[in-house]
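Visitor: Below are the structure tokens for one structure; questions will follow.
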Amino acid sequence: MDGAVISQPVMNNEARLVVEGLGVHFADRSALEGISVSFGAGESVSLLGPNGAGKSTLLKVIAGVLPATHGSVRLAGRPIDGTNPAVVYVPQRSSVDWTFPVSVLDVVLMARAQRRSRFGPFRGEDRERALAALDQVGMRPFAPVQIGQLSGGQQQRVFLARALLQDGDVYLLDEPFTGVDVPTQELVVSLFDQLRRTGRTIIYATHDLAQAAKSSDRIFLLNRRLIASGPPSETMTAANLRAAFGGQAIVPLDGGMFGMGEAP
Amino acid sequence: MTDWIVDPLRHTFMQHAFIAILLVGIICGVTGTFVTLRGLAFMGDALSHAIFPGVVIAYVLGGNFLIGALVAAVVVSLGIGLISQSSRLTNDTAIGVLFAGGFALGIALISSQRSYVKDLSTFLLGSILGVSREDLFLTGAIGAVVLGVIAYFRRELTIVAFDRTFAQATGINLWAFDQLFLILLSLAIVISLQTVGNILVLAMLVTPAATARLLTDRLQVMMILSATIGAVSGVVGLYLSYHLSIASGASVVLVATGVFALVFLFAPKTGIVTVAIARRLHFPHPERDIFPTEDPVAVAKADSSRVADGAASKQQDQPLHTG
């Protein structure tokens, strides 16, 4: 698997994406408060927190789908206001109607819909690139299949293929590991590595501590506010996890997996 | 048999009626594809009722009924958007409030007219035998606009219907495309008013598209099938209406419903009778009937994954007005 779909790397050492003083308020509550973080090129960051911590909200603000109440998001030094083709957003699987009468290939080609002439069908080049993206996620044989026939893991792969075809600099993924089988989880991890190597920034939401520790360079512990950020070994202390997850901190502290905070 | 087919065509008004119902069947069939896929049947019903006062006002003032209907449709769809911004009311509540209110306004206005009963029944049930040449041109022109706009924006409309968050993230203006679709839907409804009437127009939007969905897993094929089923139901319905002396709108809708029932029962892959027969042919064991038809392990698995999905969707952070 070489990066057939992904174009050449864009490397630099400065922070590519800077979030400053971000707050998001809904009609009756505040979802995020005072978030200031930055993301570099070639970095994989997981947003970790309990349900309702604002992980999806943060992703949606960066994607330009939700307006921030205050604060700013800057991409390569420029404020982003609304959507930007360099920012690729992969929604939660559950946000989509999987009985919709489209094929796997149709869904992947949605990545090119905005760039194509309104008249006439997609060109052969688009199809080839879409098929190559499907190849990268091991779904090429499923190209003509209606999406309702797919398993959860396969659905996630189709979303990933569409995201690959969008070919952005920043990839935002909402719960890419939720409800998918182990081979798909491994595939997602290897895709992240590939994207990282070509200088892409990956930001994904999860509430799986083990997965976050395994497949990210940095972890942002989030619960409406930023609780901690840094490499997994430094962030996942008992105190931090308790602060983020509160009463839910019972979750997976078993097996001493993240016990490093207790007695270093 | 030849007489049965040719006889109605001797009358000019029937020729007009056939052309009108063909156009309506095709246009509603294509537009209805998006209505059924987006679950907007209630919205379609609401629009057709809410358009009513606009048509009546135009009629009372002696203006063009089309303009009246369009103004009403835009006002109502904006109103629905506005009301559903309230965090305490859902979208279909907003639709319910406006559609009943609009319909009442229409009835109030028309009841002040002298020929109240006749006018009302014309609006509600259509009067396909009174379609003039000018009406046909107007229907054709509006239909061409509707189909043209759908073809032009087919990719955006599909993405908006399938994956709204992705649509937004790729820079598609959801609000604009929702309004555009509501206007297209209003146009399709308006040109159907004369042929099938206000009450039954929903059937032309929903039934052929639902039938087509049972027959295919491809969007484009679904549109073509839906338009074909709409048009054929229209023509057959008109013949039955002519020969059996029943109301044309009702006759057309009954044929479409009959086609739906047939497909629902006997479609090659999805019909419930077809599937049952195929299962029997596949497993010709007399004992099999005492076993549950579904694999209990698979059912349990599906259930647990559904629970997981539910948990995942619960923690979506959506501002209330986009939900």
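Labels used: A, B, ... for chains in the order of the structure tokens, numbers from 1 for residues in each chain, and numbers from 1 for ligands as shown.
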Enumerate, in order of chain and increasing residue number, the residues of chain A with an atom no farther than 8 Å from chain B, each with its shortest atom pair and distance in Å to one decimal, counting only C-alpha atoms, as JSON lines.
Guide:
{"residue": "A:Phe26", "atom": "CA", "partner": "B:Pro319", "partner_atom": "CA", "distance": 5.6}
{"residue": "A:Ala27", "atom": "CA", "partner": "B:Leu320", "partner_atom": "CA", "distance": 7.3}
{"residue": "A:Ala31", "atom": "CA", "partner": "B:Asp317", "partner_atom": "CA", "distance": 7.9}
{"residue": "A:Asn51", "atom": "CA", "partner": "B:Gln315", "partner_atom": "CA", "distance": 5.1}
{"residue": "A:Gly52", "atom": "CA", "partner": "B:Gln315", "partner_atom": "CA", "distance": 5.4}
{"residue": "A:Gly54", "atom": "CA", "partner": "B:Asp317", "partner_atom": "CA", "distance": 6.6}
{"residue": "A:Ser56", "atom": "CA", "partner": "B:Asp317", "partner_atom": "CA", "distance": 5.9}
{"residue": "A:Thr57", "atom": "CA", "partner": "B:Asp317", "partner_atom": "CA", "distance": 5.5}
{"residue": "A:Ala63", "atom": "CA", "partner": "B:Ala169", "partner_atom": "CA", "distance": 6.0}
{"residue": "A:Gly64", "atom": "CA", "partner": "B:Ala169", "partner_atom": "CA", "distance": 6.4}
{"residue": "A:Val65", "atom": "CA", "partner": "B:Ala169", "partner_atom": "CA", "distance": 5.6}
{"residue": "A:Gly82", "atom": "CA", "partner": "B:Gly171", "partner_atom": "CA", "distance": 7.7}
{"residue": "A:Thr83", "atom": "CA", "partner": "B:Gly171", "partner_atom": "CA", "distance": 5.5}
{"residue": "A:Asn84", "atom": "CA", "partner": "B:Thr170", "partner_atom": "CA", "distance": 7.4}
{"residue": "A:Pro85", "atom": "CA", "partner": "B:Thr170", "partner_atom": "CA", "distance": 6.7}
{"residue": "A:Val88", "atom": "CA", "partner": "B:Ala169", "partner_atom": "CA", "distance": 7.5}
{"residue": "A:Tyr89", "atom": "CA", "partner": "B:Ala169", "partner_atom": "CA", "distance": 6.3}
{"residue": "A:Val90", "atom": "CA", "partner": "B:Phe166", "partner_atom": "CA", "distance": 7.2}
{"residue": "A:Pro91", "atom": "CA", "partner": "B:Phe166", "partner_atom": "CA", "distance": 6.7}
{"residue": "A:Gln92", "atom": "CA", "partner": "B:Ser313", "partner_atom": "CA", "distance": 7.9}
{"residue": "A:Ser94", "atom": "CA", "partner": "B:Ser313", "partner_atom": "CA", "distance": 6.2}
{"residue": "A:Ser95", "atom": "CA", "partner": "B:Asp163", "partner_atom": "CA", "distance": 7.2}
{"residue": "A:Val96", "atom": "CA", "partner": "B:Asp163", "partner_atom": "CA", "distance": 5.5}
{"residue": "A:Asp97", "atom": "CA", "partner": "B:Phe162", "partner_atom": "CA", "distance": 6.3}
{"residue": "A:Phe100", "atom": "CA", "partner": "B:Phe162", "partner_atom": "CA", "distance": 6.7}
{"residue": "A:Pro101", "atom": "CA", "partner": "B:Asp217", "partner_atom": "CA", "distance": 4.5}
{"residue": "A:Val102", "atom": "CA", "partner": "B:Arg218", "partner_atom": "CA", "distance": 5.5}
{"residue": "A:Ser103", "atom": "CA", "partner": "B:Arg218", "partner_atom": "CA", "distance": 7.2}
{"residue": "A:Met110", "atom": "CA", "partner": "B:Ile159", "partner_atom": "CA", "distance": 7.1}
{"residue": "A:Ala113", "atom": "CA", "partner": "B:Arg155", "partner_atom": "CA", "distance": 6.2}
{"residue": "A:Gln114", "atom": "CA", "partner": "B:Thr170", "partner_atom": "CA", "distance": 8.0}
{"residue": "A:Arg118", "atom": "CA", "partner": "B:Tyr152", "partner_atom": "CA", "distance": 6.1}
{"residue": "A:Phe119", "atom": "CA", "partner": "B:Tyr152", "partner_atom": "CA", "distance": 7.2}
{"residue": "A:Gln146", "atom": "CA", "partner": "B:Asp217", "partner_atom": "CA", "distance": 6.3}
{"residue": "A:Thr178", "atom": "CA", "partner": "B:Ala312", "partner_atom": "CA", "distance": 7.4}
{"residue": "A:Gly179", "atom": "CA", "partner": "B:Ala308", "partner_atom": "CA", "distance": 6.6}
Visitor: Create the file for the chosen residues now, containing C-alpha atoms and written as an mmCIF file, in the first residue's frame.
Guide:
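Okay, selection18.cif is ready:
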data_model
loop_
_atom_site.group_PDB
_atom_site.id
_atom_site.type_symbol
_atom_site.label_atom_id
_atom_site.label_comp_id
_atom_site.auth_asym_id
_atom_site.auth_seq_id
_atom_site.Cartn_x
_atom_site.Cartn_y
_atom_site.Cartn_z
ATOM 1 C CA PHE A 26 -25.615 26.393 22.887
ATOM 2 C CA ALA A 27 -29.036 27.797 23.671
ATOM 3 C CA ALA A 31 -20.261 23.063 25.527
ATOM 4 C CA ASN A 51 -19.864 11.739 26.823
ATOM 5 C CA GLY A 52 -20.830 15.376 26.470
ATOM 6 C CA GLY A 54 -17.345 18.582 23.803
ATOM 7 C CA SER A 56 -17.483 16.326 18.670
ATOM 8 C CA THR A 57 -18.176 20.013 19.198
ATOM 9 C CA ALA A 63 -14.291 21.700 10.478
ATOM 10 C CA GLY A 64 -16.243 24.926 10.121
ATOM 11 C CA VAL A 65 -19.557 23.158 10.594
ATOM 12 C CA GLY A 82 -16.388 28.395 7.735
ATOM 13 C CA THR A 83 -15.194 25.414 5.783
ATOM 14 C CA ASN A 84 -11.860 24.857 4.118
ATOM 15 C CA PRO A 85 -10.984 22.136 1.585
ATOM 16 C CA VAL A 88 -11.299 16.914 6.015
ATOM 17 C CA TYR A 89 -14.074 15.891 8.355
ATOM 18 C CA VAL A 90 -15.208 12.292 8.897
ATOM 19 C CA PRO A 91 -18.586 12.219 10.666
ATOM 20 C CA GLN A 92 -19.765 9.578 13.094
ATOM 21 C CA SER A 94 -24.436 6.886 13.112
ATOM 22 C CA SER A 95 -25.034 10.333 11.587
ATOM 23 C CA VAL A 96 -25.888 8.815 8.213
ATOM 24 C CA ASP A 97 -28.859 6.946 6.777
ATOM 25 C CA PHE A 100 -29.839 5.336 1.254
ATOM 26 C CA PRO A 101 -29.788 3.939 -2.305
ATOM 27 C CA VAL A 102 -26.174 4.688 -3.192
ATOM 28 C CA SER A 103 -23.241 2.357 -3.783
ATOM 29 C CA MET A 110 -18.925 12.496 -3.049
ATOM 30 C CA ALA A 113 -18.611 16.300 -6.223
ATOM 31 C CA GLN A 114 -17.659 19.914 -5.631
ATOM 32 C CA ARG A 118 -22.073 20.055 -13.264
ATOM 33 C CA PHE A 119 -22.759 18.569 -16.651
ATOM 34 C CA GLN A 146 -25.288 -0.734 -1.753
ATOM 35 C CA THR A 178 -16.418 3.094 17.826
ATOM 36 C CA GLY A 179 -18.362 -0.016 16.906
#
Visitor: What lies within 9 Å of Leu222 in chain A using only C-alpha atoms, ignoring chain neighbours under 4 positions off, as an MDAnalysis selection string?
Guide: chainID A and resid 47:50 53:55 226:229 244:245
Visitor: Deliver the residues from the most recent selection as a file, using N, CA and C atoms, as a tab-separated table (two decimals), in the first residue's frame.
Guide:
chain	number	residue	atom	x	y	z
A	47	LEU	N	-8.68	13.34	21.06
A	47	LEU	CA	-9.48	14.09	22.02
A	47	LEU	C	-10.19	13.07	22.87
A	48	LEU	N	-9.89	13.11	24.15
A	48	LEU	CA	-10.39	12.07	25.04
A	48	LEU	C	-11.24	12.72	26.12
A	49	GLY	N	-12.38	12.14	26.36
A	49	GLY	CA	-13.24	12.68	27.41
A	49	GLY	C	-14.53	11.91	27.46
A	50	PRO	N	-15.30	12.12	28.53
A	50	PRO	CA	-16.56	11.38	28.66
A	50	PRO	C	-17.61	11.90	27.69
A	53	ALA	N	-18.42	15.78	26.66
A	53	ALA	CA	-17.26	16.58	27.04
A	53	ALA	C	-16.97	17.67	26.01
A	54	GLY	N	-17.58	17.57	24.84
A	54	GLY	CA	-17.35	18.58	23.80
A	54	GLY	C	-16.36	18.13	22.73
A	55	LYS	N	-16.06	16.83	22.67
A	55	LYS	CA	-15.12	16.34	21.66
A	55	LYS	C	-15.65	16.59	20.26
A	226	LEU	N	-10.13	22.24	28.75
A	226	LEU	CA	-8.98	21.39	28.50
A	226	LEU	C	-8.39	21.00	29.85
A	227	ILE	N	-8.35	19.70	30.14
A	227	ILE	CA	-7.85	19.27	31.44
A	227	ILE	C	-6.36	19.02	31.40
A	228	ALA	N	-5.89	18.39	30.34
A	228	ALA	CA	-4.46	18.16	30.21
A	228	ALA	C	-4.15	17.90	28.76
A	229	SER	N	-2.93	18.21	28.34
A	229	SER	CA	-2.53	17.85	26.99
A	229	SER	C	-1.06	17.48	26.99
A	244	ALA	N	-11.13	14.48	34.29
A	244	ALA	CA	-11.86	14.46	33.02
A	244	ALA	C	-13.13	13.62	33.11
A	245	PHE	N	-12.98	12.44	33.68
A	245	PHE	CA	-14.10	11.51	33.64
A	245	PHE	C	-14.95	11.56	34.89
Visitor: What gap, in Å, lies between CA of Phe266 in chain B and CA of Thr211 in chain B?
Guide: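 One can read the CA of Phe266 in chain B to CA of Thr211 in chain B distance as 11.4 Å.
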Visitor: Taking a cut-off of 8 Å and counting only C-alpha atoms, can you build a table that, for each residue of range 150-253 of chain A near range 38-45 of chain A, reports the nearest atom pair and how far apart they are in Å (one decimal), sorted by chain then residue number, as JSON lines?
Guide:
{"residue": "A:Phe192", "atom": "CA", "partner": "A:Ser44", "partner_atom": "CA", "distance": 7.4}
{"residue": "A:Leu195", "atom": "CA", "partner": "A:Gly42", "partner_atom": "CA", "distance": 7.3}
{"residue": "A:Arg196", "atom": "CA", "partner": "A:Gly42", "partner_atom": "CA", "distance": 4.2}
{"residue": "A:Arg197", "atom": "CA", "partner": "A:Gly42", "partner_atom": "CA", "distance": 6.2}
{"residue": "A:Thr198", "atom": "CA", "partner": "A:Gly42", "partner_atom": "CA", "distance": 6.8}
{"residue": "A:Gly199", "atom": "CA", "partner": "A:Gly42", "partner_atom": "CA", "distance": 3.8}
{"residue": "A:Arg200", "atom": "CA", "partner": "A:Gly42", "partner_atom": "CA", "distance": 4.8}
{"residue": "A:Thr201", "atom": "CA", "partner": "A:Glu43", "partner_atom": "CA", "distance": 5.0}
{"residue": "A:Ile202", "atom": "CA", "partner": "A:Ser44", "partner_atom": "CA", "distance": 4.5}
{"residue": "A:Ile203", "atom": "CA", "partner": "A:Val45", "partner_atom": "CA", "distance": 4.8}
{"residue": "A:Tyr204", "atom": "CA", "partner": "A:Val45", "partner_atom": "CA", "distance": 6.5}
{"residue": "A:Ser215", "atom": "CA", "partner": "A:Ser44", "partner_atom": "CA", "distance": 7.6}
{"residue": "A:Ser216", "atom": "CA", "partner": "A:Ser44", "partner_atom": "CA", "distance": 4.9}
{"residue": "A:Asp217", "atom": "CA", "partner": "A:Ser44", "partner_atom": "CA", "distance": 5.3}
{"residue": "A:Arg218", "atom": "CA", "partner": "A:Val45", "partner_atom": "CA", "distance": 4.8}
{"residue": "A:Ile219", "atom": "CA", "partner": "A:Val45", "partner_atom": "CA", "distance": 5.6}
{"residue": "A:Phe220", "atom": "CA", "partner": "A:Val45", "partner_atom": "CA", "distance": 7.2}
Visitor: Keeping only N, CA and C atoms, take the residues you just selected and write them out as a compact mmCIF listing (two decimals), in the first residue's frame.
Guide:
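Contents of out_2.txt, freshly written:
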# COMPACT_ATOMS: atom_id res chain seq x y z
N PHE A 192 -3.55 6.05 9.83
CA PHE A 192 -3.08 7.21 10.58
C PHE A 192 -1.57 7.36 10.43
N LEU A 195 -0.73 8.64 6.99
CA LEU A 195 -1.07 10.06 6.87
C LEU A 195 -0.07 10.92 7.63
N ARG A 196 0.33 10.44 8.79
CA ARG A 196 1.30 11.17 9.59
C ARG A 196 2.62 11.30 8.86
N ARG A 197 3.02 10.18 8.26
CA ARG A 197 4.31 10.19 7.55
C ARG A 197 4.31 11.20 6.41
N THR A 198 3.16 11.43 5.81
CA THR A 198 3.09 12.41 4.74
C THR A 198 2.72 13.80 5.26
N GLY A 199 2.88 13.99 6.57
CA GLY A 199 2.75 15.34 7.12
C GLY A 199 1.33 15.79 7.40
N ARG A 200 0.38 14.88 7.35
CA ARG A 200 -0.99 15.28 7.68
C ARG A 200 -1.18 15.37 9.20
N THR A 201 -2.07 16.22 9.59
CA THR A 201 -2.44 16.32 11.00
C THR A 201 -3.71 15.52 11.21
N ILE A 202 -3.70 14.68 12.25
CA ILE A 202 -4.88 13.87 12.53
C ILE A 202 -5.41 14.21 13.91
N ILE A 203 -6.67 14.55 13.98
CA ILE A 203 -7.31 14.82 15.26
C ILE A 203 -8.55 13.95 15.33
N TYR A 204 -8.64 13.10 16.34
CA TYR A 204 -9.82 12.24 16.40
C TYR A 204 -10.38 12.17 17.81
N SER A 215 -2.53 4.93 19.74
CA SER A 215 -2.44 5.46 18.39
C SER A 215 -2.43 6.98 18.32
N SER A 216 -1.91 7.65 19.34
CA SER A 216 -1.77 9.09 19.18
C SER A 216 -0.46 9.58 19.78
N ASP A 217 0.08 10.66 19.20
CA ASP A 217 1.30 11.27 19.72
C ASP A 217 0.99 12.09 20.96
N ARG A 218 -0.18 12.73 20.90
CA ARG A 218 -0.58 13.54 22.04
C ARG A 218 -2.04 13.27 22.36
N ILE A 219 -2.38 13.50 23.62
CA ILE A 219 -3.76 13.32 24.06
C ILE A 219 -4.24 14.64 24.63
N PHE A 220 -5.43 15.06 24.23
CA PHE A 220 -6.07 16.19 24.88
C PHE A 220 -7.20 15.65 25.73
